[in-house]
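As stored in data.tsv (TSV, C-alpha atoms):
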chain	number	residue	atom	x	y	z
A	1	MET	CA	-4.19	-14.42	-12.86
A	2	LEU	CA	-5.21	-15.35	-16.43
A	3	GLU	CA	-6.32	-18.80	-17.55
A	4	ILE	CA	-7.26	-19.53	-21.14
A	5	LYS	CA	-8.74	-23.00	-21.50
A	6	ASN	CA	-9.38	-24.62	-24.90
A	7	LEU	CA	-10.26	-21.29	-26.52
A	8	THR	CA	-11.62	-21.59	-30.07
A	9	LYS	CA	-12.82	-18.73	-32.25
A	10	THR	CA	-14.11	-19.21	-35.80
A	11	TYR	CA	-15.14	-16.32	-38.02
A	12	LYS	CA	-17.97	-16.33	-40.54
A	13	GLY	CA	-16.81	-18.19	-43.61
A	14	GLY	CA	-15.23	-20.95	-41.59
A	15	LYS	CA	-11.80	-19.46	-40.80
A	16	THR	CA	-10.58	-20.66	-37.40
A	17	ALA	CA	-8.57	-17.79	-35.94
A	18	VAL	CA	-7.86	-19.41	-32.56
A	19	ASP	CA	-7.79	-23.20	-32.31
A	20	ASN	CA	-8.05	-24.88	-28.88
A	21	LEU	CA	-5.68	-22.43	-27.18
A	22	SER	CA	-4.76	-23.06	-23.53
A	23	LEU	CA	-2.24	-21.14	-21.42
A	24	THR	CA	-1.85	-19.73	-17.91
A	25	VAL	CA	-0.37	-16.41	-16.79
A	26	GLN	CA	0.54	-16.30	-13.12
A	27	ALA	CA	0.76	-13.25	-10.85
A	28	GLY	CA	4.18	-11.68	-11.36
A	29	ASP	CA	4.55	-12.97	-14.92
A	30	ILE	CA	5.50	-10.84	-17.89
A	31	TYR	CA	4.19	-13.17	-20.56
A	32	GLY	CA	5.06	-12.64	-24.23
A	33	PHE	CA	2.61	-13.81	-26.88
A	34	ILE	CA	4.32	-13.98	-30.25
A	35	GLY	CA	3.51	-15.12	-33.76
A	36	GLN	CA	3.34	-14.05	-37.38
A	37	ASN	CA	0.76	-11.63	-38.76
A	38	GLY	CA	-2.60	-13.40	-38.84
A	39	ALA	CA	-1.53	-16.05	-36.33
A	40	GLY	CA	-4.47	-15.28	-34.02
A	41	LYS	CA	-2.78	-13.14	-31.36
A	42	THR	CA	-5.10	-10.13	-31.56
A	43	THR	CA	-8.19	-12.34	-31.80
A	44	ALA	CA	-7.18	-14.18	-28.63
A	45	ILE	CA	-6.42	-10.93	-26.82
A	46	LYS	CA	-9.76	-9.40	-27.82
A	47	ALA	CA	-11.52	-12.50	-26.50
A	48	VAL	CA	-9.71	-12.12	-23.18
A	49	VAL	CA	-10.74	-8.47	-22.77
A	50	GLY	CA	-14.35	-9.12	-23.83
A	51	ILE	CA	-14.37	-7.49	-27.28
A	52	HIS	CA	-14.78	-10.79	-29.17
A	53	ASP	CA	-17.10	-13.61	-28.29
A	54	TYR	CA	-15.80	-17.14	-28.81
A	55	ASP	CA	-17.19	-20.51	-29.83
A	56	GLN	CA	-15.64	-22.81	-27.24
A	57	GLY	CA	-13.49	-22.67	-24.15
A	58	GLU	CA	-13.22	-20.65	-20.98
A	59	ILE	CA	-11.30	-17.53	-19.95
A	60	LEU	CA	-10.71	-16.75	-16.27
A	61	VAL	CA	-9.25	-13.55	-14.82
A	62	ASP	CA	-8.26	-13.96	-11.19
A	63	GLY	CA	-10.65	-16.89	-11.04
A	64	LYS	CA	-13.57	-14.96	-12.54
A	65	ASN	CA	-15.19	-15.96	-15.83
A	66	VAL	CA	-14.90	-13.33	-18.57
A	67	HIS	CA	-18.14	-14.51	-20.15
A	68	THR	CA	-20.36	-14.68	-17.06
A	69	GLN	CA	-18.64	-12.05	-14.86
A	70	PRO	CA	-17.44	-9.44	-17.37
A	71	LEU	CA	-17.60	-6.38	-15.11
A	72	ALA	CA	-15.75	-8.10	-12.26
A	73	CYS	CA	-12.99	-9.05	-14.71
A	74	LYS	CA	-12.76	-5.63	-16.34
A	75	LYS	CA	-12.48	-3.87	-12.99
A	76	ILE	CA	-9.13	-5.51	-12.31
A	77	MET	CA	-7.57	-5.41	-15.77
A	78	ALA	CA	-6.55	-2.87	-18.38
A	79	TYR	CA	-6.17	-3.20	-22.15
A	80	ILE	CA	-4.04	-1.23	-24.56
A	81	PRO	CA	-4.83	-2.02	-28.23
A	82	ASP	CA	-2.32	-1.80	-31.07
A	83	ASN	CA	-4.14	1.25	-32.43
A	84	PRO	CA	-5.37	3.46	-29.57
A	85	ASP	CA	-8.75	4.89	-30.63
A	86	ILE	CA	-9.30	7.61	-28.05
A	87	TYR	CA	-12.16	10.11	-27.98
A	88	GLU	CA	-10.79	12.92	-30.11
A	89	TYR	CA	-13.17	15.56	-28.76
A	90	LEU	CA	-11.71	15.23	-25.26
A	91	THR	CA	-8.53	16.82	-24.02
A	92	GLY	CA	-5.84	14.56	-22.65
A	93	ILE	CA	-6.68	15.40	-19.05
A	94	GLN	CA	-10.40	14.91	-19.66
A	95	TYR	CA	-9.70	11.46	-21.05
A	96	LEU	CA	-7.55	10.50	-18.06
A	97	ASN	CA	-10.14	11.77	-15.58
A	98	PHE	CA	-12.80	9.84	-17.49
A	99	ILE	CA	-10.78	6.63	-17.11
A	100	ALA	CA	-10.07	7.39	-13.46
A	101	ASP	CA	-13.79	7.91	-12.84
A	102	ILE	CA	-14.65	4.56	-14.43
A	103	TYR	CA	-12.19	2.74	-12.19
A	104	GLN	CA	-13.08	4.87	-9.15
A	105	VAL	CA	-9.55	6.15	-8.59
A	106	SER	CA	-9.53	8.74	-5.82
A	107	ARG	CA	-8.83	12.39	-6.61
A	108	SER	CA	-5.53	12.43	-4.75
A	109	ASP	CA	-4.29	9.16	-6.30
A	110	ARG	CA	-5.22	10.14	-9.84
A	111	GLU	CA	-3.62	13.56	-9.58
A	112	ALA	CA	-0.37	12.10	-8.27
A	113	ARG	CA	-0.27	9.31	-10.88
A	114	ILE	CA	-1.19	11.59	-13.79
A	115	ARG	CA	1.50	14.07	-12.77
A	116	GLN	CA	4.09	11.32	-12.42
A	117	GLU	CA	3.27	9.30	-15.54
A	118	ALA	CA	2.47	12.16	-17.91
A	119	GLY	CA	5.69	13.82	-16.80
A	120	ALA	CA	7.70	10.64	-17.33
A	121	PHE	CA	6.22	10.05	-20.79
A	122	GLY	CA	6.72	13.70	-21.75
A	123	ILE	CA	3.12	14.72	-22.45
A	124	TYR	CA	2.19	16.57	-19.25
A	125	SER	CA	2.26	19.97	-20.98
A	126	ALA	CA	-0.04	18.65	-23.73
A	127	LEU	CA	-2.80	17.32	-21.45
A	128	GLY	CA	-4.88	20.45	-22.01
A	129	ASP	CA	-4.87	19.90	-25.79
A	130	LEU	CA	-7.52	17.97	-27.71
A	131	VAL	CA	-6.66	14.34	-28.44
A	132	SER	CA	-7.40	15.11	-32.11
A	133	THR	CA	-4.16	17.12	-32.18
A	134	TYR	CA	-2.04	14.27	-30.79
A	135	SER	CA	0.33	12.20	-32.92
A	136	HIS	CA	0.02	8.41	-32.89
A	137	GLY	CA	2.85	8.17	-30.39
A	138	MET	CA	1.23	10.69	-28.05
A	139	ARG	CA	-2.06	8.80	-28.19
A	140	GLN	CA	-0.23	5.60	-27.37
A	141	LYS	CA	1.37	7.27	-24.35
A	142	LEU	CA	-2.00	8.62	-23.22
A	143	ALA	CA	-3.54	5.15	-23.48
A	144	ILE	CA	-0.67	3.69	-21.45
A	145	ILE	CA	-1.07	6.31	-18.73
A	146	GLY	CA	-4.81	5.65	-18.60
A	147	ALA	CA	-4.18	1.91	-18.24
A	148	LEU	CA	-1.80	2.45	-15.34
A	149	LEU	CA	-4.08	4.75	-13.33
A	150	HIS	CA	-5.88	2.03	-11.38
A	151	GLU	CA	-2.82	-0.24	-11.07
A	152	PRO	CA	-4.50	-3.23	-12.75
A	153	LYS	CA	-3.96	-6.79	-11.56
A	154	LEU	CA	-3.82	-7.86	-15.22
A	155	LEU	CA	-2.45	-5.64	-17.98
A	156	ILE	CA	-3.13	-6.75	-21.56
A	157	LEU	CA	-1.20	-5.06	-24.37
A	158	ASP	CA	-1.29	-5.64	-28.13
A	159	GLU	CA	1.97	-4.51	-29.79
A	160	PRO	CA	2.57	-1.83	-27.14
A	161	PHE	CA	5.94	-0.63	-28.44
A	162	VAL	CA	4.75	0.30	-31.94
A	163	GLY	CA	4.90	4.07	-32.35
A	164	LEU	CA	6.78	4.73	-29.11
A	165	ASP	CA	10.06	6.60	-29.13
A	166	PRO	CA	13.04	4.82	-27.48
A	167	GLU	CA	12.73	6.76	-24.20
A	168	ALA	CA	9.01	6.01	-23.89
A	169	ALA	CA	9.62	2.34	-24.70
A	170	LEU	CA	12.18	2.17	-21.91
A	171	ILE	CA	9.80	3.81	-19.44
A	172	LEU	CA	7.02	1.39	-20.40
A	173	LYS	CA	9.31	-1.58	-19.75
A	174	GLU	CA	10.15	-0.14	-16.33
A	175	ARG	CA	6.46	0.32	-15.53
A	176	MET	CA	5.69	-3.23	-16.63
A	177	ARG	CA	8.38	-4.64	-14.35
A	178	ALA	CA	7.28	-2.45	-11.43
A	179	LEU	CA	3.65	-3.53	-11.82
A	180	CYS	CA	4.59	-7.21	-11.74
A	181	GLU	CA	6.80	-6.70	-8.70
A	182	LYS	CA	3.61	-5.62	-6.90
A	183	GLY	CA	1.93	-8.91	-7.83
A	184	SER	CA	0.17	-8.02	-11.08
A	185	ALA	CA	0.54	-9.95	-14.34
A	186	ILE	CA	1.16	-8.78	-17.90
A	187	PHE	CA	0.18	-10.54	-21.12
A	188	PHE	CA	1.27	-8.86	-24.33
A	189	SER	CA	1.85	-9.51	-27.99
A	190	THR	CA	4.89	-8.21	-29.83
A	191	HIS	CA	6.87	-8.67	-33.02
A	192	VAL	CA	10.00	-7.27	-31.36
A	193	LEU	CA	11.59	-10.55	-30.32
A	194	GLU	CA	14.63	-8.95	-28.69
A	195	VAL	CA	12.32	-7.05	-26.33
A	196	ALA	CA	10.32	-10.20	-25.55
A	197	GLU	CA	13.49	-12.19	-24.82
A	198	LYS	CA	14.85	-9.60	-22.39
A	199	LEU	CA	11.56	-8.59	-20.75
A	200	CYS	CA	9.47	-11.76	-20.49
A	201	ASN	CA	9.90	-14.61	-18.04
A	202	ARG	CA	7.49	-16.73	-20.11
A	203	ILE	CA	6.82	-16.97	-23.83
A	204	ALA	CA	4.14	-18.56	-26.01
A	205	VAL	CA	4.37	-18.92	-29.79
A	206	ILE	CA	1.15	-19.21	-31.77
A	207	SER	CA	0.87	-20.21	-35.42
A	208	ARG	CA	-2.29	-20.56	-37.51
A	209	GLY	CA	-4.33	-20.19	-34.33
A	210	LYS	CA	-2.60	-23.02	-32.46
A	211	LEU	CA	-0.16	-22.86	-29.58
A	212	ILE	CA	3.03	-24.52	-30.82
A	213	VAL	CA	5.48	-23.84	-28.00
A	214	GLU	CA	5.21	-22.34	-24.50
A	215	GLY	CA	7.34	-22.11	-21.41
A	216	ASP	CA	10.02	-20.35	-19.39
A	217	THR	CA	11.96	-17.98	-21.64
A	218	LYS	CA	15.42	-19.13	-20.55
A	219	GLU	CA	14.47	-22.79	-20.86
A	220	LEU	CA	13.02	-22.27	-24.33
A	221	THR	CA	15.99	-20.36	-25.67
A	222	GLY	CA	18.87	-22.16	-23.96
A	223	ASP	CA	21.99	-21.11	-25.82
A	224	LYS	CA	19.97	-19.77	-28.77
A	225	SER	CA	18.25	-16.44	-29.33
A	226	LEU	CA	14.47	-16.19	-29.21
A	227	GLU	CA	14.62	-15.21	-32.87
A	228	ASP	CA	16.34	-18.51	-33.72
A	229	VAL	CA	13.82	-20.51	-31.68
A	230	PHE	CA	10.90	-18.66	-33.26
A	231	MET	CA	12.11	-19.31	-36.81
A	232	GLU	CA	12.71	-22.98	-36.05
A	233	VAL	CA	9.28	-23.67	-34.57
A	234	ILE	CA	7.43	-21.61	-37.20
A	235	HIS	CA	9.27	-23.40	-40.03
A	236	HIS	CA	8.55	-26.77	-38.43
A	237	ASP	CA	4.87	-25.91	-38.06
A	238	GLU	CA	4.59	-24.78	-41.68
A	239	THR	CA	6.13	-28.02	-42.99
A	240	ASP	CA	3.83	-30.29	-40.95

For the structure just supplied, provide its representation as structure tokens.
Amino acid sequence: MLEIKNLTKTYKGGKTAVDNLSLTVQAGDIYGFIGQNGAGKTTAIKAVVGIHDYDQGEILVDGKNVHTQPLACKKIMAYIPDNPDIYEYLTGIQYLNFIADIYQVSRSDREARIRQEAGAFGIYSALGDLVSTYSHGMRQKLAIIGALLHEPKLLILDEPFVGLDPEAALILKERMRALCEKGSAIFFSTHVLEVAEKLCNRIAVISRGKLIVEGDTKELTGDKSLEDVFMEVIHHDETD
């Protein structure tokens, strides 16, 4: 569903944020992308969703090239950034209808999904309010609901659990699992290693822009915790 091949991104000034990164996310995967602050996670994610250009490499979404077929790729994926910047002059329901229009979700489907998801995340009664009045957590929930409306084949999330209350975090995990059971794939970054260990079937660790370990979560951890594995590989990378 997602193939990143030899991705390299260098910023002005010569800093290489992503260095020859290659990984594959299959349909049905919940794939955790972890690393320290500044490791290159957000840069890689923004390249995947078409926000950042890149110097070398190739990114494919369901076999389509992000660089040469951007609209075809964006039609089948959804992206939730770490800081949801949503149009503040819209109400919650206007924003959701706007997203549904973009992805051509039918009136009946959008109404049913908005009712279900906004009710589950506890913001249904606030959909008539301006987004400018929403807290960070409410905006995050609104962004999540918008991303789920068209049931994307690929869901990309950058630190999705930041700002969510425990109940909303649990609901998001359930939605992520349900989406993958239908054949979609999820690729997300997180600093919450306990969540990644329990939720993800595959894990990649990135450090200083380079992939340093990747594989099946249970095989990587063995009889250790993901936290132990992460600290070991990061320390080893820093001493090389």

Exercise. Smallest atom-to-atom distance to Arg113 in chain A: which of A:Gly63, A:Gly146, A:Gly40, A:Pro166, using only C-alpha atoms?
Worked result: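 When distances to Arg113 in chain A are compared using only C-alpha atoms, the smallest one comes from A:Gly146.
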
For this session: Mind checking which residues fall within 12 Å of range 6-14 of chain A, counting only C-alpha atoms, ignoring those fewer than 3 positions away in the same chain, and posting them as a VMD selection string?
Result: chain A and resid 3 17 to 24 40 to 48 52 to 60 208 to 211

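Proximity of A:Pro70, A:Gly32, A:Gly38, A:Gly92 to Ala196 in chain A, computed with only C-alpha atoms, is greatest for A:Gly32.
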
For this session: Kindly give the distance, in Å, that separates CA of Gly35 in chain A and CA of Ser207 in chain A, rounded to a single decimal.
Result: 6.0 Å

Exercise. Between A:Arg107, A:His67, A:Lys173, A:Arg115, which has the minimum distance to Leu157 in chain A (counting all atoms listed in the file)?
Worked result: A:Lys173

Exercise. What is the CA of Leu155 in chain A-CA of Asp129 in chain A distance in Å, reported with one decimal?
Worked result: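 Answer for the CA of Leu155 in chain A to CA of Asp129 in chain A separation: 26.8 Å.
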
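Shell of Gly183 in chain A at 7 Å, with only C-alpha atoms counted and residues fewer than 4 places along the chain excluded, is A:Ala27, A:Gly28, A:Leu179.
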
Problem set entry | Interatomic distance, CA of Ala126 in chain A to CA of Asp165 in chain A (Å, one decimal) |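 Result for CA of Ala126 in chain A versus CA of Asp165 in chain A: 16.6 Å, one decimal.
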
Selection near Ile123 in chain A, 12 Å with all atoms listed in the file, sequence-local residues under 4 positions removed, as a PDB file with C-alpha atoms, keeping the file's coordinate frame:
ATOM      1  CA  THR A  91      -8.530  16.820 -24.020  1.00  0.00           C
ATOM      2  CA  GLY A  92      -5.840  14.560 -22.650  1.00  0.00           C
ATOM      3  CA  ILE A  93      -6.680  15.400 -19.050  1.00  0.00           C
ATOM      4  CA  ILE A 114      -1.190  11.590 -13.790  1.00  0.00           C
ATOM      5  CA  ARG A 115       1.500  14.070 -12.770  1.00  0.00           C
ATOM      6  CA  GLN A 116       4.090  11.320 -12.420  1.00  0.00           C
ATOM      7  CA  GLU A 117       3.270   9.300 -15.540  1.00  0.00           C
ATOM      8  CA  ALA A 118       2.470  12.160 -17.910  1.00  0.00           C
ATOM      9  CA  GLY A 119       5.690  13.820 -16.800  1.00  0.00           C
ATOM     10  CA  LEU A 127      -2.800  17.320 -21.450  1.00  0.00           C
ATOM     11  CA  GLY A 128      -4.880  20.450 -22.010  1.00  0.00           C
ATOM     12  CA  ASP A 129      -4.870  19.900 -25.790  1.00  0.00           C
ATOM     13  CA  VAL A 131      -6.660  14.340 -28.440  1.00  0.00           C
ATOM     14  CA  TYR A 134      -2.040  14.270 -30.790  1.00  0.00           C
ATOM     15  CA  SER A 135       0.330  12.200 -32.920  1.00  0.00           C
ATOM     16  CA  GLY A 137       2.850   8.170 -30.390  1.00  0.00           C
ATOM     17  CA  MET A 138       1.230  10.690 -28.050  1.00  0.00           C
ATOM     18  CA  ARG A 139      -2.060   8.800 -28.190  1.00  0.00           C
ATOM     19  CA  GLN A 140      -0.230   5.600 -27.370  1.00  0.00           C
ATOM     20  CA  LYS A 141       1.370   7.270 -24.350  1.00  0.00           C
ATOM     21  CA  LEU A 142      -2.000   8.620 -23.220  1.00  0.00           C
ATOM     22  CA  ALA A 143      -3.540   5.150 -23.480  1.00  0.00           C
ATOM     23  CA  ILE A 144      -0.670   3.690 -21.450  1.00  0.00           C
ATOM     24  CA  ILE A 145      -1.070   6.310 -18.730  1.00  0.00           C
ATOM     25  CA  ALA A 168       9.010   6.010 -23.890  1.00  0.00           C
TER      26      ALA A 168
END

For this session: Rank nothing, just name the residue among A:Ile212, A:Ile30, A:Met1, A:Val233 nearest to Ala178 in chain A, using all atoms listed in the file.
Result: A:Ile30

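Across A:Asp228, A:Gly122, A:Asp29, A:Lys5, the tightest approach to Lys182 in chain A is made by A:Asp29 when counting all atoms listed in the file.
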
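Taking all atoms listed in the file into account, Ala147 in chain A lies nearest to A:Lys75 out of the set A:Lys75, A:His191, A:Gln94, A:Asn201.
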